[in-house]
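Shown next: query_9.txt, given as compact mmCIF, C-alpha atoms and all ligand atoms.
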```
# COMPACT_ATOMS: atom_id res chain seq x y z
CA MET V 1 24.20 168.41 5.14
CA LYS V 2 21.82 170.49 3.03
CA ASN V 3 22.54 174.22 2.93
CA ASN V 4 19.14 175.07 4.44
CA GLN V 5 19.89 173.22 7.64
CA SER V 6 21.75 174.76 10.52
CA HIS V 7 25.06 173.23 11.65
CA ARG V 8 24.89 175.05 14.92
CA LYS V 9 23.34 174.49 18.29
CA LYS V 10 20.08 176.40 18.65
CA SER V 11 20.39 179.50 20.81
CA SER V 12 17.85 180.10 23.60
CA MET V 13 17.81 183.81 22.65
CA PRO V 14 15.74 185.08 19.71
CA PHE V 15 19.00 186.15 18.01
CA ARG V 16 22.65 185.25 17.73
CA VAL V 17 25.19 188.04 17.92
CA ASN V 18 27.37 188.72 14.91
CA ARG V 19 30.89 189.18 16.31
CA LYS V 20 31.54 192.01 13.82
CA SER V 21 28.68 193.99 15.41
CA ILE V 22 29.50 193.29 19.04
CA PHE V 23 29.80 196.99 20.02
CA GLY V 24 26.51 197.80 18.31
CA ILE V 25 24.79 194.99 20.21
CA ILE V 26 26.36 195.90 23.58
CA SER V 27 25.22 199.51 23.18
CA LEU V 28 21.64 198.34 22.47
CA VAL V 29 21.59 195.94 25.41
CA VAL V 30 22.84 198.67 27.80
CA GLN V 31 20.16 201.10 26.56
CA GLU V 32 17.47 198.40 26.95
CA LEU V 33 18.60 197.59 30.51
CA ILE V 34 18.61 201.24 31.59
CA ASP V 35 15.13 201.76 30.10
CA LYS V 36 13.84 198.56 31.78
CA LEU V 37 15.20 199.68 35.15
CA LEU V 38 13.63 203.16 34.84
CA THR V 39 10.31 201.63 33.77
CA GLU V 40 10.24 198.98 36.50
CA THR V 41 11.04 201.53 39.20
CA LYS V 42 8.18 203.64 37.76
CA ILE V 43 10.53 206.58 37.09
CA LYS V 44 9.19 206.59 33.56
CA LYS V 45 6.51 204.94 31.41
CA PRO V 46 7.52 202.19 28.94
CA LYS V 47 9.24 203.88 26.00
CA GLU V 48 6.61 202.62 23.56
CA ILE V 49 3.87 204.39 25.58
CA GLU V 50 5.94 207.58 25.69
CA VAL V 51 6.28 207.45 21.90
CA LEU V 52 2.51 206.96 21.47
CA ASN V 53 1.79 209.88 23.81
CA ASN V 54 4.15 212.09 21.80
CA VAL V 55 2.48 211.04 18.55
CA ARG V 56 -0.99 211.73 20.03
CA LYS V 57 0.15 215.14 21.20
CA TYR V 58 2.29 216.43 18.33
CA ALA V 59 1.54 214.51 15.10
CA ILE V 60 -0.61 216.03 12.39
CA GLN V 61 -3.57 213.80 11.51
CA GLY V 62 -3.20 212.43 7.96
CA GLN V 63 0.50 213.33 7.69
CA PRO V 64 2.60 210.13 7.93
CA GLU V 65 5.86 212.14 7.83
CA SER V 66 4.91 213.90 11.05
CA VAL V 67 4.40 210.53 12.81
CA LEU V 68 7.72 209.13 11.49
CA LYS V 69 9.55 212.29 12.58
CA ILE V 70 8.23 212.07 16.15
CA ILE V 71 9.21 208.38 16.40
CA ASP V 72 12.70 209.08 14.93
CA ASN V 73 13.27 212.06 17.25
CA TYR V 74 12.48 209.91 20.27
CA ALA V 75 14.94 207.20 19.14
CA TYR V 76 17.71 209.72 18.41
CA LYS V 77 17.25 211.82 21.54
CA LYS V 78 15.92 209.47 24.24
CA THR V 79 16.53 205.77 23.76
CA PHE V 80 16.84 203.14 21.07
CA LEU V 81 13.72 201.88 19.29
CA MET V 82 13.92 198.77 17.12
CA ASN V 83 12.40 200.42 14.01
CA ILE V 84 14.08 200.04 10.62
CA GLY V 85 15.04 203.73 10.92
CA LYS V 86 15.58 206.39 8.29
CA GLU V 87 18.42 205.13 6.07
CA LYS V 88 17.23 201.55 5.69
CA GLY V 89 13.61 202.80 5.72
CA LEU V 90 14.35 204.73 2.52
CA LEU V 91 15.82 201.56 0.96
CA LEU V 92 12.58 199.78 1.88
CA GLU V 93 10.46 202.58 0.37
CA ASN V 94 12.51 202.51 -2.86
CA GLU V 95 12.08 198.77 -3.22
CA ILE V 96 8.32 199.06 -2.62
CA LYS V 97 8.10 201.83 -5.26
CA ASN V 98 10.39 200.10 -7.81
CA THR V 99 8.60 196.76 -7.61
CA LYS V 100 5.09 198.34 -7.58
CA ALA V 101 4.24 195.54 -5.16
CA GLU V 102 0.50 194.90 -4.75
CA ARG V 103 0.31 192.21 -2.05
CA VAL V 104 2.80 193.01 0.69
CA LEU V 105 3.46 190.97 3.85
CA GLU V 106 5.32 192.38 6.86
CA LEU V 107 6.69 190.10 9.62
CA GLY V 108 7.25 192.15 12.82
CA VAL V 109 5.44 195.48 13.27
CA TYR V 110 6.52 196.91 16.67
CA LEU V 111 5.28 200.56 16.62
CA GLY V 112 4.13 200.51 12.99
CA TYR V 113 7.06 202.63 11.78
CA SER V 114 7.97 200.41 8.81
CA SER V 115 4.26 199.76 8.11
CA ILE V 116 3.78 203.52 7.69
CA ARG V 117 6.76 203.73 5.32
CA ILE V 118 5.39 200.82 3.26
CA LEU V 119 1.76 202.03 3.22
CA ASN V 120 2.76 205.55 2.23
CA ASN V 121 4.47 204.22 -0.91
CA LEU V 122 1.97 201.62 -2.13
CA THR V 123 0.23 201.94 -5.48
CA ASP V 124 -3.54 202.55 -5.42
CA ARG V 125 -4.59 198.90 -5.70
CA ALA V 126 -2.02 197.53 -3.25
CA HIS V 127 -2.55 196.15 0.27
CA LEU V 128 -0.28 195.48 3.26
CA VAL V 129 -0.82 192.59 5.66
CA SER V 130 1.29 192.78 8.84
CA ILE V 131 1.84 190.14 11.52
CA GLU V 132 2.76 191.08 15.10
CA SER V 133 2.83 188.68 18.07
CA ASN V 134 2.77 191.31 20.86
CA ASN V 135 -0.74 192.68 21.58
CA LYS V 136 0.43 195.95 23.11
CA PHE V 137 2.75 196.77 20.22
CA ALA V 138 -0.02 195.86 17.77
CA GLU V 139 -2.43 198.32 19.45
CA ILE V 140 0.14 201.14 19.42
CA ALA V 141 1.01 200.44 15.77
CA GLN V 142 -2.65 200.55 14.78
CA GLU V 143 -3.07 203.94 16.41
CA HIS V 144 0.08 205.32 14.72
CA ILE V 145 -1.18 204.05 11.35
CA ARG V 146 -4.64 205.52 11.98
CA ILE V 147 -3.18 208.92 12.90
CA SER V 148 -1.09 208.73 9.69
CA GLY V 149 -4.36 208.29 7.75
CA LEU V 150 -3.13 205.01 6.24
CA SER V 151 -5.42 202.35 7.80
CA GLU V 152 -7.55 201.78 4.73
CA ARG V 153 -5.19 199.46 2.87
CA HIS V 154 -3.80 197.74 5.96
CA SER V 155 -4.69 194.54 7.85
CA LEU V 156 -2.94 193.61 11.06
CA LYS V 157 -2.95 189.99 12.23
CA ILE V 158 -2.05 189.43 15.86
CA GLY V 159 -0.26 186.13 16.42
CA LYS V 160 2.92 184.24 15.75
CA SER V 161 4.06 184.40 12.15
CA SER V 162 4.44 180.61 11.90
CA ASP V 163 0.77 180.19 12.95
CA VAL V 164 -0.63 183.02 10.81
CA ILE V 165 1.30 182.46 7.54
CA PRO V 166 -0.26 179.05 6.73
CA THR V 167 -3.77 180.61 7.00
CA PHE V 168 -3.20 182.81 3.91
CA ASN V 169 -4.58 181.65 0.60
CA GLU V 170 -3.27 184.37 -1.75
CA GLN V 171 0.33 184.81 -2.89
CA PHE V 172 2.47 187.83 -1.96
CA ASP V 173 4.78 189.79 -4.26
CA PHE V 174 6.72 191.53 -1.46
CA ILE V 175 7.79 190.25 1.97
CA PHE V 176 9.43 192.48 4.56
CA ILE V 177 11.12 190.30 7.22
CA ASP V 178 11.94 192.11 10.46
CA HIS V 179 10.77 190.01 13.41
CA TRP V 180 12.94 187.84 15.70
CA LYS V 181 16.10 186.95 13.91
CA ASP V 182 16.08 183.18 14.51
CA LEU V 183 12.77 183.01 12.60
CA TYR V 184 13.83 184.56 9.28
CA LEU V 185 14.86 181.32 7.58
CA LYS V 186 12.13 179.19 9.13
CA ASP V 187 9.35 181.60 8.06
CA LEU V 188 10.76 182.07 4.56
CA GLN V 189 10.69 178.29 4.17
CA ILE V 190 7.09 178.18 5.47
CA LEU V 191 6.14 180.81 2.87
CA GLU V 192 7.80 178.68 0.17
CA SER V 193 6.27 175.41 1.28
CA CYS V 194 2.77 177.00 1.48
CA ASN V 195 3.27 178.30 -2.10
CA LEU V 196 2.72 181.91 -0.95
CA LEU V 197 5.54 183.54 -2.94
CA LYS V 198 4.57 184.95 -6.31
CA LYS V 199 7.12 184.48 -9.12
CA GLY V 200 9.43 187.51 -9.03
CA ALA V 201 8.51 188.39 -5.41
CA SER V 202 10.99 190.53 -3.44
CA ILE V 203 12.04 189.41 0.03
CA PHE V 204 13.54 192.33 1.94
CA ALA V 205 15.31 191.28 5.17
CA ASP V 206 16.53 193.82 7.74
CA ASN V 207 19.48 193.62 10.18
CA VAL V 208 21.43 190.94 8.31
CA ILE V 209 24.78 192.24 9.60
CA LEU V 210 23.81 193.47 13.06
CA PHE V 211 22.72 189.94 13.96
CA ASP V 212 24.18 186.61 12.95
CA LEU V 213 21.91 185.64 10.08
CA GLU V 214 24.41 183.36 8.38
CA ASP V 215 21.88 180.52 7.98
CA TYR V 216 19.37 182.85 6.28
CA LEU V 217 22.02 184.46 4.06
CA ASN V 218 23.54 181.10 3.05
CA TYR V 219 20.10 179.89 2.09
CA VAL V 220 18.96 182.83 -0.07
CA ARG V 221 22.40 183.16 -1.68
CA SER V 222 22.77 179.51 -2.62
CA SER V 223 19.18 178.36 -3.26
CA PRO V 224 18.33 178.05 -7.00
CA ASN V 225 14.94 179.59 -6.09
CA PHE V 226 16.41 183.02 -5.31
CA SER V 227 18.81 185.62 -6.67
CA SER V 228 20.02 187.78 -3.86
CA LYS V 229 21.88 191.03 -3.23
CA PHE V 230 23.21 192.74 -0.11
CA ILE V 231 23.01 196.50 0.52
CA PRO V 232 25.24 197.83 3.32
CA ALA V 233 23.83 200.48 5.65
CA LEU V 234 24.26 201.66 9.22
CA ARG V 235 22.24 200.22 12.08
CA GLU V 236 19.11 202.28 12.81
CA TYR V 237 19.79 205.41 14.87
CA SER V 238 23.57 204.85 14.81
CA LYS V 239 26.35 206.80 13.14
CA SER V 240 28.93 203.99 13.23
CA HIS V 241 27.50 200.50 13.78
CA PRO V 242 27.43 198.41 10.59
CA ASP V 243 24.27 196.73 9.35
CA GLY V 244 22.60 196.05 6.01
CA VAL V 245 19.64 194.57 4.20
CA GLU V 246 19.39 191.56 1.91
CA ILE V 247 16.99 191.75 -1.03
CA SER V 248 16.21 188.38 -2.60
CA LYS V 249 14.08 187.76 -5.70
CA PHE V 250 12.02 184.60 -5.89
CA LYS V 251 12.52 182.99 -9.30
C1 LIG V 301 12.42 194.73 15.01
S1 LIG V 301 10.78 194.83 15.57
C2 LIG V 301 9.91 195.29 14.11
C3 LIG V 301 10.22 196.70 13.66
C4 LIG V 301 9.36 197.20 12.52
N1 LIG V 301 9.43 196.31 11.39
C5 LIG V 301 9.83 198.57 12.09
O1 LIG V 301 10.85 198.66 11.40
O2 LIG V 301 9.17 199.55 12.45
C6 LIG V 301 10.37 193.14 15.73
C7 LIG V 301 8.92 192.86 16.09
O3 LIG V 301 8.64 191.50 15.75
C8 LIG V 301 7.70 190.99 16.68
N2 LIG V 301 7.80 189.53 16.60
C9 LIG V 301 8.77 188.73 17.07
N3 LIG V 301 8.55 187.47 16.76
C10 LIG V 301 7.38 187.44 16.07
C11 LIG V 301 6.61 186.40 15.45
N4 LIG V 301 6.98 185.14 15.49
N5 LIG V 301 5.50 186.75 14.79
C12 LIG V 301 5.09 188.04 14.72
N6 LIG V 301 5.78 189.06 15.29
C13 LIG V 301 6.90 188.76 15.95
C14 LIG V 301 8.16 191.60 18.01
O4 LIG V 301 7.11 191.59 18.96
C15 LIG V 301 8.59 193.01 17.57
O5 LIG V 301 7.52 193.91 17.72
```

Serialized structure, structure tokens:
Amino acid sequence: MKNNQSHRKKSSMPFRVNRKSIFGIISLVVQELIDKLLTETKIKKPKEIEVLNNVRKYAIQGQPESVLKIIDNYAYKKTFLMNIGKEKGLLLENEIKNTKAERVLELGVYLGYSSIRILNNLTDRAHLVSIESNNKFAEIAQEHIRISGLSERHSLKIGKSSDVIPTFNEQFDFIFIDHWKDLYLKDLQILESCNLLKKGASIFADNVILFDLEDYLNYVRSSPNFSSKFIPALREYSKSHPDGVEISKFK
């Protein structure tokens, strides 16, 4: 069997749990359930709306750091938000700065937190294209990015990554992969088969330890088309749960 094919039965969930991170996952699921219950019983608004309201109220227009700080504070003090977070966010910023990437693609936007970190570190001629399948998240992200003063070099495509990617006709030199975990490998292979990866492109994948991304990791680590390295880090907004990012260079 080729190394880019899965040996396992396909899960009906958008992720498989990595047994090493079981406590990290349980803690997230419990927080999600509590928030869902409070939202459905109308005790509180959906957390994403609460974050947007905080940003509208307290952020300083044109200051991306003020927007990131408000989003981080909510995730630390209230409930979990699936942003890349501070520690891994800084790794992402460093990679964007070091590679001087000019055509950047982001898969999975949520509240626009990682988009803001990317946009704030782009060189003058660079552009970010983001894909998000959830309309409501896309709207919130666009407002966060607008308040940050970073909309000019950003395009947001609403739709499923596997539908949107084949519509591109220019290559990318940086891909940030952070959407549903069972799509990482499939979408990387779509990017390859559509010839959308520039020689030397960086592919930065989040949450490779928190979730079971063995298929993706096996592929980028054994394919002759990539050289790949792992950077350990903690899961976003956690002081103990292990996670990490995989940075792969397209040869
Ligand atoms: C982990 S969150 C993204 C977090 C964001 N990158 C950050 O760090 O701020 C994952 C997002 O991917 C979106 N998503 C899931 N599957 C998708 C797909 N096939 N195409 C586009 N977006 C998708 C979800 O709606 C969700 O908003």

* To do: Using all atoms listed in the file, determine which residues fall within 8 Å of ligand LIG 301 (chain V), then list them as a ChimeraX atom specification.
  => /V:82-85,89,106-115,131-134,137-138,158-162,176-180,183

* Asked: What is the atom CA of Val164 of chain V-atom CA of Ile190 of chain V distance in Å, reported with one decimal?
  ->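 Separation between atom CA of Val164 of chain V and atom CA of Ile190 of chain V: 10.6 Å.
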
* With a distance cut-off of 9 Å and only C-alpha atoms, select the neighbouring residues of Lys198 of chain V, excluding the residue or stretch itself and same-chain residues fewer than 3 positions from it, and output the selection as a VMD selection string. => chain V and resid 171 to 174 195 201 to 202 250 to 251

* Point-to-point distance from atom CA of Ser227 of chain V to atom CA of Leu191 of chain V, Å rounded to tenths -> 16.6 Å

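Non-sequential neighbours of Tyr76 of chain V (distance at most 10 Å, separation of 3 or more positions within a chain, only C-alpha atoms) are V:Ile71, V:Asp72, V:Asn73, V:Thr79, V:Phe80, V:Leu81, V:Gly85, V:Glu236, V:Tyr237, V:Ser238.
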
Using C-alpha atoms, can you write the selected residues to a file as a short mmCIF file (atom, residue, chain, number, x, y, z; two decimals), in the coordinates of the input?
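result.cif written:
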```cif
data_model
loop_
_atom_site.label_atom_id
_atom_site.label_comp_id
_atom_site.auth_asym_id
_atom_site.auth_seq_id
_atom_site.Cartn_x
_atom_site.Cartn_y
_atom_site.Cartn_z
CA ILE V 71 9.21 208.38 16.40
CA ASP V 72 12.70 209.08 14.93
CA ASN V 73 13.27 212.06 17.25
CA THR V 79 16.53 205.77 23.76
CA PHE V 80 16.84 203.14 21.07
CA LEU V 81 13.72 201.88 19.29
CA GLY V 85 15.04 203.73 10.92
CA GLU V 236 19.11 202.28 12.81
CA TYR V 237 19.79 205.41 14.87
CA SER V 238 23.57 204.85 14.81
#
```

Taking all atoms of segment 148-154 of chain V that appear in the file, build a box with edges along x, y and z, extend it by 4 Å on every side, and state its centre and edge lengths in Å to one decimal, as JSON.
```
{"center_x": -4.3, "center_y": 203.2, "center_z": 6.3, "size_x": 14.5, "size_y": 19.0, "size_z": 14.8}
```

* Exercise: Arg146 of chain V partners within 12 Å, all atoms listed in the file, chain neighbours under 4 positions left out, as a PyMOL selection string -> chain V and resi 52+55-56+59-64+67+112+115-116+119+139-142+150-155

* Asked: Which residue gives the smallest distance to Glu95 of chain V among V:Ala205, V:Leu38, V:Asn225, V:Glu143, with all atoms listed in the file counted?
  -> V:Ala205
